[in-house]
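Enquirer: After the structure tokens below, expect a handful of questions from me.
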Amino acid sequence: MPQDKFDLVIAANRLPVDRVREGNRSVWRRSPGGLVTAMESVMSGRDGAWIGWSGVPGKAPAPFEQDDMWLHPIALSADEITDYYEGFSNGSLWPLYHDVIVPPTFRRRWQAAYEKVNRRFAEVAAELAAENATVWIHDYQLQLMPRYLRELRPDVRIGWFNHIPFPPVELFMQLPARDTLLHGLLGADFLGFQRRTDAQNFLRACRQLLGDDDVEVRADLVQTADGQVCRAAAVPISIDSRGMARLAATPAVRARAREIREQLGNPEKLLLGVDRLDYTKGIRHRLKSLEEMYREGTLDGARTKFIQVATPSRERLQAYQHIKSEVEQTVGRINGEHSSFGAPAVTYLHRSFPREEMAALFVAADVMLVTPLRDGMNLVAKEYVAAHDDTGALVLSEFTGAANELKQAYLCNPHDIARTKRTITRALEAPAEERRRRMRALHRQVLRHDVQRWAERFLSNLAVAPRQP
Ligand code: ADP
Ligand code: G6P
């Protein structure tokens with residue numbers, strides 16, 4: 001590598017690349033997703049490094065350069081994957097921060113591993129950061145890293161962005177490590193959240209759970225006993241909107257969208273769901289609504305088809321195995337009752353797809369169903385909207401961060417099956433002019449507020465965050 005110190009260091013649980021096989025050798029390929037695109041744009045012209053886990057257990061590969069970024073893999077042992085990643089991150093924090101949709105589990109061993117791994121990330125960041133560098137930490141897996149890094153490197157500017165919700169204090173206070181975690185975050189200069197409510201939940205947790213001797217909370221600022229100040233505010237994330245709009249308009253993607261509809265027997269209406277197979281995504285509620293609609297005849301299995309793409313996720317955790325088998329059973333039942341020969345009512349795809357295929361699915365769908373029970377943002381909703389300028393319709397759960405911005409979507413409460421069914425019908429049957437008006441407004445909103453603007457906003461908030469009172 002040309003150098004060993006960097007002005008901008010990104011830390012996230014995962015590196016922005018995946019190990020893939022090419023012929024008989026394995027190579028790193030840039031992972032899809034807006035975060036990587038956004039970081040590429042903010043890193044261009046600066047010296048940037050990214051630290052994260054490679055996704056496999058054991059010794060970390062040597063650091064390397066890819067797409068003008070210095071990538072520094074962090075090792076996780078098999079036990080650390082169990083305790084830090086699957087345990088504390090996805091068995092304690094993920095369900096707790098998503099409205100306890102499934103009960104969180106708390107284990108002292110998991111917390112110890114979380115502390116150890118966060119310290120490891122902080123040590124590497126401390127080594128890589130140039131003097132007065134900016135370190136941008138991402139997500140719930142790394143909430144202690146700001147404090148550990150601050151102890152090692154008081155000179156650097158530390159920002160943290162939470163991609164998921166921050167829970168109300170009544171739920172957050174269940175966490176045995178709650179004070180440690182709050183102090184961990186307060187090591188940062190600036191904390192970014194998806195919604196104002198998330199930032200307020202965090203500030204309220206500081207006010208209520210930490211002692212007056214420990215912190216003073218004034219408006220959006222928290223001052224700790226050592227005189228450091230940390231600011232918390234909403235900076236909602238977005239997508240590479242222009243990239244998606246451009247891709248969706250290419251002749252190849254348009255042709256593939258037509259082909260997808262043909263392969264499904266040219267249905268009159270095509271509905272689509274795209275999610276990681278996660279219990280937060282409301283897939284079960286969505287399927288229940290659709291199953292009732294097929295049964296009652298509001299939807300006709302021969303004329304209205306539904307595609308559910310469900311990406312495999314966190315498959316060793318019981319809650320994920322459970323939702324997977326529930327979804328599979330329900331899809332089987334709906335298809336058994338409502339499919340015609342060679343044309344299932346529900347096409348269920350449990351795997352990942354290239355960006356082009358995702359774009360073609362978005363273009364092909366008349367109505368996109370995004371029905372999470374809780375979601376920090378939901379980028380899929382924004383991707384669908386970016387792929388359509390004046391066609392299509394978005395049914396969107398009120399429990400997503402995206403609902404704060406995408407006001408012209410057909411909003412629904414996925415717990416309320418009766419009304420969700422009516423909302424789906426409205427989205428399907430609304431006059432073309434109404435759908436066009438809504439989609440134009442949504443498209444404009446997403447194109448104006450893209451991921452690059454988000455990254456710039458985050459970094460400028462971080463740059464001006466007051467360090468002292
Ligand atoms: P989460 O981050 O919780 O998974 P989001 O909706 O915010 O949910 O982001 C998911 C991202 O993953 C989107 O960019 C979406 O296009 C992408 N994605 C989801 N499923 C697949 C899939 N099967 N193949 C490829 N990309 C996918
Ligand atoms: C969400 C989280 C990310 C996480 C992603 C995939 O988007 O906010 O931090 O990387 O899900 O989950 P995984 O556990 O596979 O990294």
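By convention here, the chains of the structure tokens are called A, B, ... in the order presented, each chain's residues are numbered starting at 1, and ligands are numbered starting at 1 in the order presented.
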For the strand (DSSP E) assignment from backbone DSSP, which residues of stretch 231-260 of chain A qualify? Please present them as a list in words.
Expert: Arg231, Ala232, Ala233 and Ala234 of chain A
Enquirer: Go ahead and dump the residues you just picked, C-alpha atoms, as a PDB file, in the first residue's frame.
Expert:
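Once written, selection.pdb looks like this:
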```
ATOM      1  CA  ARG A 231     -24.435  15.594  19.433  1.00  0.00           C
ATOM      2  CA  ALA A 232     -27.286  13.321  18.289  1.00  0.00           C
ATOM      3  CA  ALA A 233     -29.474  14.090  15.255  1.00  0.00           C
ATOM      4  CA  ALA A 234     -31.400  12.489  12.400  1.00  0.00           C
TER       5      ALA A 234
END
```
Enquirer: Let me see if you get this right: every residue at most 9 Å from ligand 1, counting only C-alpha atoms and all ligand atoms, written as a ChimeraX atom specification.
Expert: /A:32-34,163-164,239,274-278,280-281,309-313,349-355,357-359,370,375-384
Enquirer: Residues within 9 Å of A:Leu221, please, as a PyMOL selection string. Count only C-alpha atoms; anything in the same chain fewer than 5 positions from it doesn't count.
Expert: chain A and resi 203+216+229-232+466+469
Enquirer: Can you measure atom CA of A:Asp366 to atom CA of A:His285 for me? One decimal in Å is fine.
Expert: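 Interatomic distance, atom CA of A:Asp366 to atom CA of A:His285: 19.8 Å.
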Enquirer: Check the smallest atom-to-atom distance from each of A:Gln308, A:Glu115, A:Leu317, A:Thr298 to ligand 2 using only C-alpha atoms and all ligand atoms, then report the winner.
Expert: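 Distance minimum relative to ligand 2 lands on A:Leu317.
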Enquirer: Env of A:Leu361: 8 Å cut, atoms = only C-alpha atoms, seq-sep filter 3 positions within chain, self excluded. Answer as number ranges by chain.
Expert: A: 257, 260, 272, 357-358, 364-365
Enquirer: Would you please give, as a ChimeraX atom specification, all residues of stretch 253-418 of chain A that DSSP assigns to helix (DSSP H, G or I) based on the backbone?
Expert: /A:253-263,279-281,283-296,318-338,355-364,379-387,401-404,417-418
Enquirer: So how far away is atom CA of A:Leu186 from atom CA of A:Pro146, in Å?
Expert: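 Distance between the two atoms: 7.2 Å.
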Enquirer: Point out the residue among A:Leu271, A:Leu96, A:Leu287, A:Arg444 with the least atom-to-atom distance to A:Glu328, counting only C-alpha atoms.
Expert: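 Ranked by minimum distance to A:Glu328, first place goes to A:Leu287.
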Enquirer: What does the distance from atom CA of A:Val215 to atom CA of A:Gly184 come to in Å, to one decimal?
Expert: 13.0 Å
Enquirer: Can you pull out every residue within 7 Å of stretch 367-369 of chain A, counting only C-alpha atoms, but drop anything in the same chain fewer than 3 positions away, and send it as a list in words?
Expert: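 The neighbour list is Leu270, Leu271, Leu272, Gly273, Gly392, Ala393, Leu394, Val395, Leu396, Ala427 and Leu428 of chain A.
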Enquirer: Please tabulate, as a Markdown table, the residues of stretch 253-370 of chain A that come within 9 Å of stretch 403-414 of chain A, each with its closest pair of atoms and the distance in Å to one decimal, counting only C-alpha atoms and ordering rows by chain, then residue number upward.
Expert:
```
| residue | atom | partner | partner_atom | distance |
| --- | --- | --- | --- | --- |
| A:Gly282 | CA | A:Pro414 | CA | 7.0 |
| A:His285 | CA | A:Pro414 | CA | 6.2 |
| A:Arg286 | CA | A:Pro414 | CA | 7.2 |
| A:Ser289 | CA | A:Pro414 | CA | 8.7 |
```
Enquirer: Determine the nearest neighbour of ligand 2 from the options A:Ile81, A:Met43, A:Val27, A:Leu264, counting only C-alpha atoms and all ligand atoms.
Expert: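 Closest residue, counting only C-alpha atoms and all ligand atoms: A:Ile81.
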Enquirer: Go through A:Pro103, A:Pro251, A:Pro236, A:Gly55 and flag the residue nearest ligand 2, using only C-alpha atoms and all ligand atoms for the distances.
Expert: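 That would be A:Gly55, the residue with the smallest distance to ligand 2.
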Enquirer: Identify, on the basis of only C-alpha atoms, every residue whose closest approach to A:Phe121 does not exceed 10 Å; exclude the query and any residue fewer than 5 positions from it along the same chain; express the result as an MDAnalysis selection string.
Expert: chainID A and resid 11:13 51:53 73:75 116 126 137 142 144:146 148:149
Enquirer: Could you turn the residues from that selection into a file that holds N, CA and C atoms, as a PDB file, in the first residue's frame?
Expert:
```
ATOM      1  N   ALA A  11     -15.493   2.207   9.598  1.00  0.00           N
ATOM      2  CA  ALA A  11     -15.533   0.917  10.298  1.00  0.00           C
ATOM      3  C   ALA A  11     -16.961   0.396  10.242  1.00  0.00           C
ATOM      4  N   ALA A  12     -17.121  -0.843   9.755  1.00  0.00           N
ATOM      5  CA  ALA A  12     -18.442  -1.474   9.731  1.00  0.00           C
ATOM      6  C   ALA A  12     -18.212  -2.944  10.030  1.00  0.00           C
ATOM      7  N   ASN A  13     -19.239  -3.632  10.527  1.00  0.00           N
ATOM      8  CA  ASN A  13     -19.042  -5.042  10.843  1.00  0.00           C
ATOM      9  C   ASN A  13     -18.525  -5.805   9.638  1.00  0.00           C
ATOM     10  N   ILE A  51     -12.387  -0.732   7.574  1.00  0.00           N
ATOM     11  CA  ILE A  51     -12.091  -1.925   8.350  1.00  0.00           C
ATOM     12  C   ILE A  51     -13.385  -2.691   8.630  1.00  0.00           C
ATOM     13  N   GLY A  52     -13.308  -4.012   8.548  1.00  0.00           N
ATOM     14  CA  GLY A  52     -14.503  -4.833   8.747  1.00  0.00           C
ATOM     15  C   GLY A  52     -14.168  -6.305   8.671  1.00  0.00           C
ATOM     16  N   TRP A  53     -15.140  -7.103   9.012  1.00  0.00           N
ATOM     17  CA  TRP A  53     -14.987  -8.561   9.009  1.00  0.00           C
ATOM     18  C   TRP A  53     -15.224  -9.089   7.590  1.00  0.00           C
ATOM     19  N   PRO A  73      -9.118  -6.246   6.752  1.00  0.00           N
ATOM     20  CA  PRO A  73      -9.998  -7.252   7.371  1.00  0.00           C
ATOM     21  C   PRO A  73      -9.705  -7.444   8.861  1.00  0.00           C
ATOM     22  N   ILE A  74     -10.764  -7.650   9.625  1.00  0.00           N
ATOM     23  CA  ILE A  74     -10.668  -7.929  11.062  1.00  0.00           C
ATOM     24  C   ILE A  74     -11.000  -9.411  11.256  1.00  0.00           C
ATOM     25  N   ALA A  75     -10.190 -10.093  12.059  1.00  0.00           N
ATOM     26  CA  ALA A  75     -10.434 -11.525  12.289  1.00  0.00           C
ATOM     27  C   ALA A  75     -11.542 -11.721  13.321  1.00  0.00           C
ATOM     28  N   LYS A 116     -14.817  -7.280  23.488  1.00  0.00           N
ATOM     29  CA  LYS A 116     -13.502  -7.653  22.968  1.00  0.00           C
ATOM     30  C   LYS A 116     -13.390  -7.296  21.473  1.00  0.00           C
ATOM     31  N   ALA A 126      -7.376   3.049  15.405  1.00  0.00           N
ATOM     32  CA  ALA A 126      -6.397   3.951  16.023  1.00  0.00           C
ATOM     33  C   ALA A 126      -5.056   3.880  15.287  1.00  0.00           C
ATOM     34  N   ILE A 137     -18.008   5.315  12.063  1.00  0.00           N
ATOM     35  CA  ILE A 137     -18.351   3.964  12.519  1.00  0.00           C
ATOM     36  C   ILE A 137     -19.812   3.681  12.166  1.00  0.00           C
ATOM     37  N   LEU A 142     -21.222  -2.057  16.508  1.00  0.00           N
ATOM     38  CA  LEU A 142     -20.012  -1.334  16.967  1.00  0.00           C
ATOM     39  C   LEU A 142     -20.356  -0.137  17.857  1.00  0.00           C
ATOM     40  N   LEU A 144     -19.643   0.216  21.093  1.00  0.00           N
ATOM     41  CA  LEU A 144     -18.641   0.537  22.114  1.00  0.00           C
ATOM     42  C   LEU A 144     -17.379   1.120  21.494  1.00  0.00           C
ATOM     43  N   MET A 145     -17.269   0.941  20.182  1.00  0.00           N
ATOM     44  CA  MET A 145     -16.049   1.382  19.505  1.00  0.00           C
ATOM     45  C   MET A 145     -15.754   2.879  19.680  1.00  0.00           C
ATOM     46  N   PRO A 146     -16.778   3.780  19.642  1.00  0.00           N
ATOM     47  CA  PRO A 146     -16.441   5.203  19.803  1.00  0.00           C
ATOM     48  C   PRO A 146     -15.680   5.477  21.095  1.00  0.00           C
ATOM     49  N   TYR A 148     -13.882   3.343  23.037  1.00  0.00           N
ATOM     50  CA  TYR A 148     -12.545   2.728  23.036  1.00  0.00           C
ATOM     51  C   TYR A 148     -11.583   3.532  22.160  1.00  0.00           C
ATOM     52  N   LEU A 149     -12.088   3.991  21.024  1.00  0.00           N
ATOM     53  CA  LEU A 149     -11.230   4.748  20.103  1.00  0.00           C
ATOM     54  C   LEU A 149     -10.880   6.110  20.697  1.00  0.00           C
TER      55      LEU A 149
END
```
